[in-house]
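So this block is start_8.txt, compact mmCIF, C-alpha atoms and all ligand atoms:
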# COMPACT_ATOMS: atom_id res chain seq x y z
CA MET H 68 103.62 141.76 -12.02
CA LYS H 69 103.12 138.42 -13.74
CA TYR H 70 100.44 136.27 -12.16
CA LEU H 71 101.57 133.08 -10.49
CA THR H 72 99.02 130.42 -11.42
CA ILE H 73 98.16 127.66 -8.96
CA ALA H 74 96.24 124.53 -10.01
CA LEU H 75 94.40 122.83 -7.17
CA ALA H 76 93.01 119.31 -7.14
CA LYS H 77 89.25 119.76 -6.69
CA GLY H 78 87.65 118.90 -3.36
CA ARG H 79 89.16 118.41 0.04
CA VAL H 80 92.75 119.12 -1.06
CA ALA H 81 91.71 122.49 -2.51
CA LYS H 82 89.85 123.52 0.63
CA LYS H 83 92.70 122.57 2.94
CA THR H 84 95.27 124.21 0.68
CA MET H 85 93.42 127.51 0.75
CA GLU H 86 93.39 127.34 4.57
CA LEU H 87 97.13 126.73 4.52
CA LEU H 88 97.83 129.53 2.03
CA ALA H 89 95.71 131.92 4.12
CA GLN H 90 98.17 131.33 6.95
CA ILE H 91 100.97 132.76 4.79
CA GLY H 92 98.82 135.67 3.64
CA ILE H 93 97.69 134.31 0.25
CA THR H 94 93.92 134.45 0.12
CA CYS H 95 91.13 134.05 -2.42
CA ASP H 96 87.68 133.48 -0.88
CA GLU H 97 85.96 132.78 -4.19
CA VAL H 98 87.83 129.48 -4.64
CA ASN H 99 85.70 127.77 -2.03
CA ASP H 100 82.40 129.23 -3.24
CA LYS H 101 80.43 126.11 -4.18
CA ASP H 102 77.74 128.03 -6.09
CA THR H 103 80.01 129.65 -8.66
CA ARG H 104 80.57 128.20 -12.12
CA LYS H 105 83.68 130.30 -12.59
CA LEU H 106 86.82 128.34 -13.33
CA ILE H 107 89.55 130.88 -12.62
CA PHE H 108 89.90 133.00 -9.52
CA LYS H 109 92.26 135.91 -9.00
CA ASN H 110 93.85 137.85 -6.20
CA GLU H 111 94.91 140.85 -8.27
CA GLU H 112 96.60 142.62 -5.42
CA LEU H 113 98.97 139.73 -4.72
CA GLY H 114 99.25 138.56 -8.33
CA PHE H 115 97.88 135.04 -7.90
CA LYS H 116 95.49 133.08 -10.09
CA PHE H 117 93.87 129.84 -8.95
CA PHE H 118 91.98 127.17 -10.78
CA LEU H 119 90.40 123.89 -9.77
CA ALA H 120 90.99 120.80 -11.87
CA LYS H 121 90.46 117.07 -11.63
CA ALA H 122 93.31 115.71 -9.53
CA ASP H 123 94.49 113.57 -12.43
CA ASP H 124 94.86 116.65 -14.66
CA VAL H 125 96.82 118.82 -12.21
CA PRO H 126 100.29 117.36 -13.06
CA THR H 127 99.54 117.86 -16.77
CA TYR H 128 98.71 121.57 -16.33
CA VAL H 129 101.90 122.05 -14.34
CA GLU H 130 104.21 120.11 -16.65
CA TYR H 131 103.06 122.16 -19.66
CA GLY H 132 103.36 125.42 -17.72
CA ALA H 133 99.64 126.27 -17.88
CA ALA H 134 100.00 126.43 -14.10
CA ASP H 135 103.23 127.40 -12.35
CA ILE H 136 102.34 125.49 -9.23
CA GLY H 137 100.10 122.51 -8.51
CA ILE H 138 98.73 120.99 -5.33
CA VAL H 139 97.92 117.32 -5.68
CA GLY H 140 98.23 113.93 -3.99
CA LYS H 141 101.38 111.83 -4.20
CA ASP H 142 99.19 108.98 -5.54
CA THR H 143 98.34 111.08 -8.60
CA LEU H 144 101.96 112.16 -9.05
CA LEU H 145 103.21 108.57 -8.96
CA GLU H 146 100.54 107.43 -11.39
CA ASN H 147 101.20 110.23 -13.88
CA GLY H 148 105.00 110.36 -13.76
CA ARG H 149 105.24 113.93 -15.10
CA LYS H 150 108.40 116.04 -15.23
CA LEU H 151 107.92 118.43 -12.31
CA TYR H 152 109.69 119.61 -9.22
CA GLU H 153 108.05 118.21 -6.10
CA VAL H 154 108.92 120.84 -3.53
CA ILE H 155 106.89 120.34 -0.35
CA ASP H 156 105.05 117.57 1.43
CA LEU H 157 101.99 119.43 2.73
CA ASN H 158 101.34 116.59 5.16
CA MET H 159 97.59 116.61 4.56
CA ALA H 160 95.08 114.36 2.79
CA LYS H 161 96.98 111.43 4.25
CA CYS H 162 96.20 108.00 2.88
CA ARG H 163 97.95 104.74 1.92
CA MET H 164 98.21 103.13 -1.49
CA CYS H 165 97.42 99.48 -0.83
CA VAL H 166 96.75 96.10 -2.32
CA ALA H 167 93.36 95.08 -0.91
CA GLY H 168 90.94 92.24 -1.36
CA PRO H 169 89.09 89.48 0.44
CA GLU H 170 91.04 87.53 3.08
CA SER H 171 91.19 84.59 0.65
CA ALA H 172 93.31 86.63 -1.77
CA ARG H 173 96.32 86.43 0.56
CA GLU H 174 96.94 82.83 -0.36
CA LEU H 175 96.45 83.52 -4.04
CA LEU H 176 99.00 86.35 -3.90
CA ASP H 177 101.59 83.99 -2.47
CA SER H 178 100.79 81.18 -4.90
CA GLY H 179 102.64 82.74 -7.84
CA LYS H 180 99.59 82.35 -10.09
CA VAL H 181 98.66 85.14 -12.50
CA ILE H 182 96.38 87.46 -10.61
CA ARG H 183 93.88 90.04 -11.76
CA VAL H 184 94.26 93.52 -10.31
CA ALA H 185 91.64 96.25 -10.74
CA SER H 186 92.71 99.85 -10.16
CA LYS H 187 92.30 103.53 -10.92
CA TYR H 188 96.10 103.50 -10.73
CA PRO H 189 97.24 101.02 -13.41
CA ASN H 190 100.81 102.35 -13.56
CA ILE H 191 101.34 102.12 -9.81
CA ALA H 192 99.75 98.66 -9.78
CA ARG H 193 101.91 97.42 -12.69
CA GLU H 194 105.07 98.88 -11.21
CA TYR H 195 104.39 97.26 -7.86
CA PHE H 196 103.49 93.80 -9.13
CA HIS H 197 106.21 93.64 -11.77
CA ASN H 198 109.14 95.36 -10.12
CA THR H 199 108.57 94.94 -6.39
CA ARG H 200 106.65 91.68 -6.18
CA HIS H 201 108.03 90.16 -9.41
CA GLN H 202 104.61 88.72 -10.06
CA THR H 203 102.72 88.30 -13.32
CA CYS H 204 99.39 90.06 -13.27
CA GLU H 205 96.64 91.37 -15.46
CA ILE H 206 95.76 95.00 -14.74
CA ILE H 207 92.20 96.16 -15.28
CA LYS H 208 91.73 99.92 -15.35
CA LEU H 209 88.64 101.28 -13.58
CA HIS H 210 87.51 104.83 -12.91
CA GLY H 211 85.88 104.59 -9.48
CA SER H 212 84.21 102.42 -6.82
CA VAL H 213 87.06 99.99 -7.38
CA GLU H 214 86.07 97.97 -4.28
CA LEU H 215 83.28 96.49 -6.38
CA ALA H 216 85.71 94.58 -8.59
CA PRO H 217 86.71 91.72 -6.23
CA ILE H 218 83.16 91.52 -4.86
CA VAL H 219 81.56 90.89 -8.23
CA GLY H 220 84.42 88.74 -9.51
CA LEU H 221 86.06 91.15 -11.95
CA SER H 222 89.41 90.93 -10.19
CA ASP H 223 91.20 89.06 -7.39
CA VAL H 224 92.50 92.20 -5.69
CA ILE H 225 92.52 95.97 -6.09
CA VAL H 226 95.21 98.61 -5.81
CA ASP H 227 93.63 101.71 -4.32
CA ILE H 228 93.99 104.41 -1.71
CA VAL H 229 92.81 103.64 1.78
CA GLU H 230 92.11 106.53 4.10
CA THR H 231 89.94 105.49 7.05
CA GLY H 232 89.54 101.92 5.81
CA SER H 233 85.78 102.07 6.15
CA THR H 234 85.02 101.45 2.45
CA LEU H 235 87.02 98.22 2.64
CA ARG H 236 85.50 97.18 5.98
CA GLU H 237 81.93 97.80 4.89
CA ASN H 238 82.49 95.63 1.86
CA GLY H 239 84.19 92.70 3.55
CA LEU H 240 87.64 93.54 2.15
CA GLU H 241 90.94 94.19 3.88
CA VAL H 242 94.36 95.67 3.30
CA ILE H 243 96.70 92.91 2.16
CA GLU H 244 99.86 94.91 1.54
CA GLU H 245 100.79 98.57 1.81
CA ILE H 246 102.55 99.95 -1.28
CA VAL H 247 103.30 103.53 -0.26
CA PRO H 248 101.94 106.21 2.09
CA CYS H 249 100.59 109.29 0.25
CA THR H 250 100.00 112.94 1.16
CA ALA H 251 99.29 116.14 -0.79
CA ARG H 252 102.36 117.73 -2.41
CA MET H 253 103.20 121.08 -3.90
CA VAL H 254 104.73 120.73 -7.36
CA VAL H 255 106.31 123.40 -9.54
CA ASN H 256 106.81 123.72 -13.28
CA GLN H 257 110.50 123.40 -14.12
CA VAL H 258 110.72 126.65 -16.12
CA SER H 259 108.63 128.63 -13.61
CA MET H 260 111.01 127.54 -10.89
CA LYS H 261 113.79 129.42 -12.71
CA MET H 262 111.80 132.40 -14.01
CA GLU H 263 109.85 133.07 -10.83
CA GLN H 264 112.42 131.77 -8.43
CA LYS H 265 112.18 134.62 -5.92
CA ARG H 266 108.40 134.50 -5.43
CA ILE H 267 108.19 130.71 -5.48
CA ARG H 268 111.12 130.25 -3.09
CA GLU H 269 109.57 132.77 -0.71
CA MET H 270 106.30 130.89 -0.81
CA ILE H 271 108.02 127.54 -0.23
CA ASN H 272 110.01 128.92 2.72
CA LYS H 273 106.93 130.39 4.39
CA LEU H 274 105.00 127.16 3.94
CA LYS H 275 107.88 125.12 5.32
CA GLU H 276 107.97 127.39 8.36
CA ILE H 277 104.31 126.90 9.22
CA LEU H 278 104.47 123.18 8.49
CA ALA H 279 107.55 122.60 10.66
C1 LIG H 301 88.53 106.72 -2.46
C2 LIG H 301 89.20 105.38 -2.66
C3 LIG H 301 88.41 104.47 -1.79
C4 LIG H 301 88.01 105.37 -0.63
C5 LIG H 301 88.92 105.13 0.54
O1 LIG H 301 87.45 106.76 -3.31
O2 LIG H 301 89.21 105.00 -4.02
O3 LIG H 301 87.29 103.99 -2.47
O4 LIG H 301 88.16 106.72 -1.08
O5 LIG H 301 88.54 105.88 1.67
P1 LIG H 301 88.27 105.19 3.08
O6 LIG H 301 89.42 104.29 3.39
O7 LIG H 301 88.20 106.37 4.03
O8 LIG H 301 86.97 104.45 3.03
P2 LIG H 301 86.66 108.10 -3.67
O9 LIG H 301 85.84 108.53 -2.48
O10 LIG H 301 87.62 109.10 -4.17
O11 LIG H 301 85.62 107.65 -4.79
P3 LIG H 301 85.74 106.66 -6.06
O12 LIG H 301 85.90 105.27 -5.52
O13 LIG H 301 84.46 106.81 -6.78
O14 LIG H 301 86.92 107.10 -6.85

Write out the structure in this file as structure tokens.
Ligand code: PRP
Amino acid sequence: MKYLTIALAKGRVAKKTMELLAQIGITCDEVNDKDTRKLIFKNEELGFKFFLAKADDVPTYVEYGAADIGIVGKDTLLENGRKLYEVIDLNMAKCRMCVAGPESARELLDSGKVIRVASKYPNIAREYFHNTRHQTCEIIKLHGSVELAPIVGLSDVIVDIVETGSTLRENGLEVIEEIVPCTARMVVNQVSMKMEQKRIREMINKLKEILA
């Protein structure tokens, strides 16, 4: 039997996914072992391989077929725009992609002036400001702790995910506009979907049943 390879976004998504997969009989305890330096984990009996990757890299592994299946946030999928089949909304790791900033940025946003937007999601930010808001902006790509940018004067606003809202609150920032709600999704390589249709369909159906 050919292994089905599943790429998981490291961290909370991976842990929750393994809990979900366990409910449909797909298990692999090693995946959640924090002390191991191993990168690939197998369940030989069931024919599954798992690996953990940076969320941003998961769509790449799946598009190229290095993984048949990927589990990753909708935010990452939108930002990367890869050719994949998005098959299930796993309804976990819920958050909102938002424009956020200090209260004073509201007026600036409505003024039509060129605004500076810092984000780990430059494509989503550009898409939103150009095509939805029809507003000229300068996008500044950052890699983390994006909330710093408006505080230290690097940008007027940020485009980032908001989960509990506490990072914004604790830094005197607020949600100004919501762009899109995001949850973890299961994605499938387009060729794998044809070649391994039976096993993948079965997995999708079982997951849909427990998520219903
Ligand atoms: C994410 C996001 C926000 C925060 C939102 O950052 O970029 O900073 O979580 O969560 P909250 O609304 O519950 O406060 P992450 O923890 O991934 O770290 P990073 O900023 O270094 O990327």

* To do: Could you check which of H:Ala185, H:Val154, H:Leu278, H:Ile267 is closest to ligand LIG 301 (chain H), using all atoms listed in the file?
  => H:Ala185

* To do: Check the smallest atom-to-atom distance from each of H:Met253, H:Ile107, H:Met164, H:Ile207 to Leu119 in chain H using all atoms listed in the file, then report the winner.
  => H:Ile107

* Asked: Which residues form the shell of 12 Å around ligand LIG 301 (chain H) when you count all atoms listed in the file, given as a PyMOL selection string?
  -> chain H and resi 76-80+121-123+140+142-143+160-167+185-188+209-216+225-238+240-242

* Spatial neighbours of Met85 in chain H, 9 Å, only C-alpha atoms, chain gap at least 3 places, as a VMD selection string -> chain H and resid 80 to 82 88 to 90 93 to 96 98 to 99

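The shortest atom-to-atom distance to His201 in chain H, with all atoms listed in the file taken into account, belongs to H:Gly179 out of H:Gly114, H:Gly132, H:Gly179, H:Pro126.
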
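The neighbours of Glu263 in chain H here are the residues that come within 12 Å of it, using only C-alpha atoms and leaving out any residue fewer than 5 positions away in the same chain; they are Met68, Lys69, Tyr70, Leu71, Thr72, Asp135, Ile136, Val255, Asn256, Gln257, Val258, Arg268, Glu269 and Met270 of chain H.
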
* At a cut-off of 7 Å from (88.5, 90.3, 1.4) in the coordinates of the file, what residues are picked up using all atoms listed in the file, written as a VMD selection string? -> chain H and resid 168 to 172 239 to 241

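Picture a line from CA of Lys275 in chain H to CA of Ala133 in chain H; it runs 24.6 Å.
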
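Candidate residues H:Leu157, H:Ile243, H:Ile206, H:Ala120 were compared for distance to Arg173 in chain H, and the nearest is H:Ile243, using all atoms listed in the file.
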
* Quick one: everything within 10 Å of Thr127 in chain H, counting all atoms listed in the file, minus sequence neighbours fewer than 2 positions away in the same chain. Send it as JSON, numbers by chain. => {"H": [122, 123, 124, 125, 129, 130, 131, 132, 133, 134, 137, 144, 147, 148, 149, 150, 151, 256]}

* To do: Pick out the closest residue to Asp223 in chain H from this set: H:Val254, H:Pro189, H:Cys204, H:Ile182. Count only C-alpha atoms.
  => H:Ile182

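Using all atoms listed in the file, every residue with an atom at most 7 Å from the point (102.8, 116.9, 3.8) is listed here: Ile155, Asp156, Leu157, Asn158, Met159, Thr250, Ala251 and Arg252 of chain H.
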
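With only C-alpha atoms as the atoms that count, the residue of H:Glu86, H:Leu145, H:Ile91, H:Ile246 with the shortest distance to Lys273 in chain H is H:Ile91.
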
* Contacts of Arg200 in chain H within 10 Å, all atoms listed in the file, excl. fewer than 3 positions in-chain, as a ChimeraX atom specification -> /H:176-177,179,193-197,203

Please dump the current selection as a PDB file, keeping the file's coordinate frame; keep C-alpha atoms.
ATOM      1  CA  LEU H 176      99.000  86.350  -3.900  1.00  0.00           C
ATOM      2  CA  ASP H 177     101.590  83.990  -2.470  1.00  0.00           C
ATOM      3  CA  GLY H 179     102.640  82.740  -7.840  1.00  0.00           C
ATOM      4  CA  ARG H 193     101.910  97.420 -12.690  1.00  0.00           C
ATOM      5  CA  GLU H 194     105.070  98.880 -11.210  1.00  0.00           C
ATOM      6  CA  TYR H 195     104.390  97.260  -7.860  1.00  0.00           C
ATOM      7  CA  PHE H 196     103.490  93.800  -9.130  1.00  0.00           C
ATOM      8  CA  HIS H 197     106.210  93.640 -11.770  1.00  0.00           C
ATOM      9  CA  THR H 203     102.720  88.300 -13.320  1.00  0.00           C
TER      10      THR H 203
END

Assuming the input is short of atoms at range 241-252 of chain H, produce N, CA and C atoms for that part as a PDB file, keeping the file's coordinate frame.
ATOM      1  N   GLU H 241      89.909  93.738   2.936  1.00  0.00           N
ATOM      2  CA  GLU H 241      90.940  94.190   3.880  1.00  0.00           C
ATOM      3  C   GLU H 241      92.228  94.563   3.153  1.00  0.00           C
ATOM      4  N   VAL H 242      93.055  95.328   3.868  1.00  0.00           N
ATOM      5  CA  VAL H 242      94.360  95.670   3.300  1.00  0.00           C
ATOM      6  C   VAL H 242      95.217  94.415   3.338  1.00  0.00           C
ATOM      7  N   ILE H 243      95.832  94.094   2.210  1.00  0.00           N
ATOM      8  CA  ILE H 243      96.700  92.910   2.160  1.00  0.00           C
ATOM      9  C   ILE H 243      98.168  93.342   2.227  1.00  0.00           C
ATOM     10  N   GLU H 244      98.498  94.364   1.476  1.00  0.00           N
ATOM     11  CA  GLU H 244      99.860  94.910   1.540  1.00  0.00           C
ATOM     12  C   GLU H 244      99.814  96.417   1.349  1.00  0.00           C
ATOM     13  N   GLU H 245     100.705  97.122   2.033  1.00  0.00           N
ATOM     14  CA  GLU H 245     100.790  98.570   1.810  1.00  0.00           C
ATOM     15  C   GLU H 245     101.866  98.818   0.753  1.00  0.00           C
ATOM     16  N   ILE H 246     101.555  99.634  -0.235  1.00  0.00           N
ATOM     17  CA  ILE H 246     102.550  99.950  -1.280  1.00  0.00           C
ATOM     18  C   ILE H 246     103.334 101.195  -0.898  1.00  0.00           C
ATOM     19  N   VAL H 247     102.604 102.271  -0.594  1.00  0.00           N
ATOM     20  CA  VAL H 247     103.300 103.530  -0.260  1.00  0.00           C
ATOM     21  C   VAL H 247     102.322 104.482   0.462  1.00  0.00           C
ATOM     22  N   PRO H 248     102.807 105.193   1.484  1.00  0.00           N
ATOM     23  CA  PRO H 248     101.940 106.210   2.090  1.00  0.00           C
ATOM     24  C   PRO H 248     101.867 107.436   1.169  1.00  0.00           C
ATOM     25  N   CYS H 249     100.750 108.130   1.143  1.00  0.00           N
ATOM     26  CA  CYS H 249     100.590 109.290   0.250  1.00  0.00           C
ATOM     27  C   CYS H 249     100.040 110.496   1.005  1.00  0.00           C
ATOM     28  N   THR H 250     100.526 111.682   0.622  1.00  0.00           N
ATOM     29  CA  THR H 250     100.000 112.940   1.160  1.00  0.00           C
ATOM     30  C   THR H 250      99.959 113.947   0.007  1.00  0.00           C
ATOM     31  N   ALA H 251      99.328 115.107   0.252  1.00  0.00           N
ATOM     32  CA  ALA H 251      99.290 116.140  -0.790  1.00  0.00           C
ATOM     33  C   ALA H 251     100.662 116.799  -0.915  1.00  0.00           C
ATOM     34  N   ARG H 252     101.052 117.107  -2.133  1.00  0.00           N
ATOM     35  CA  ARG H 252     102.360 117.730  -2.410  1.00  0.00           C
ATOM     36  C   ARG H 252     102.184 119.017  -3.197  1.00  0.00           C
TER      37      ARG H 252
END
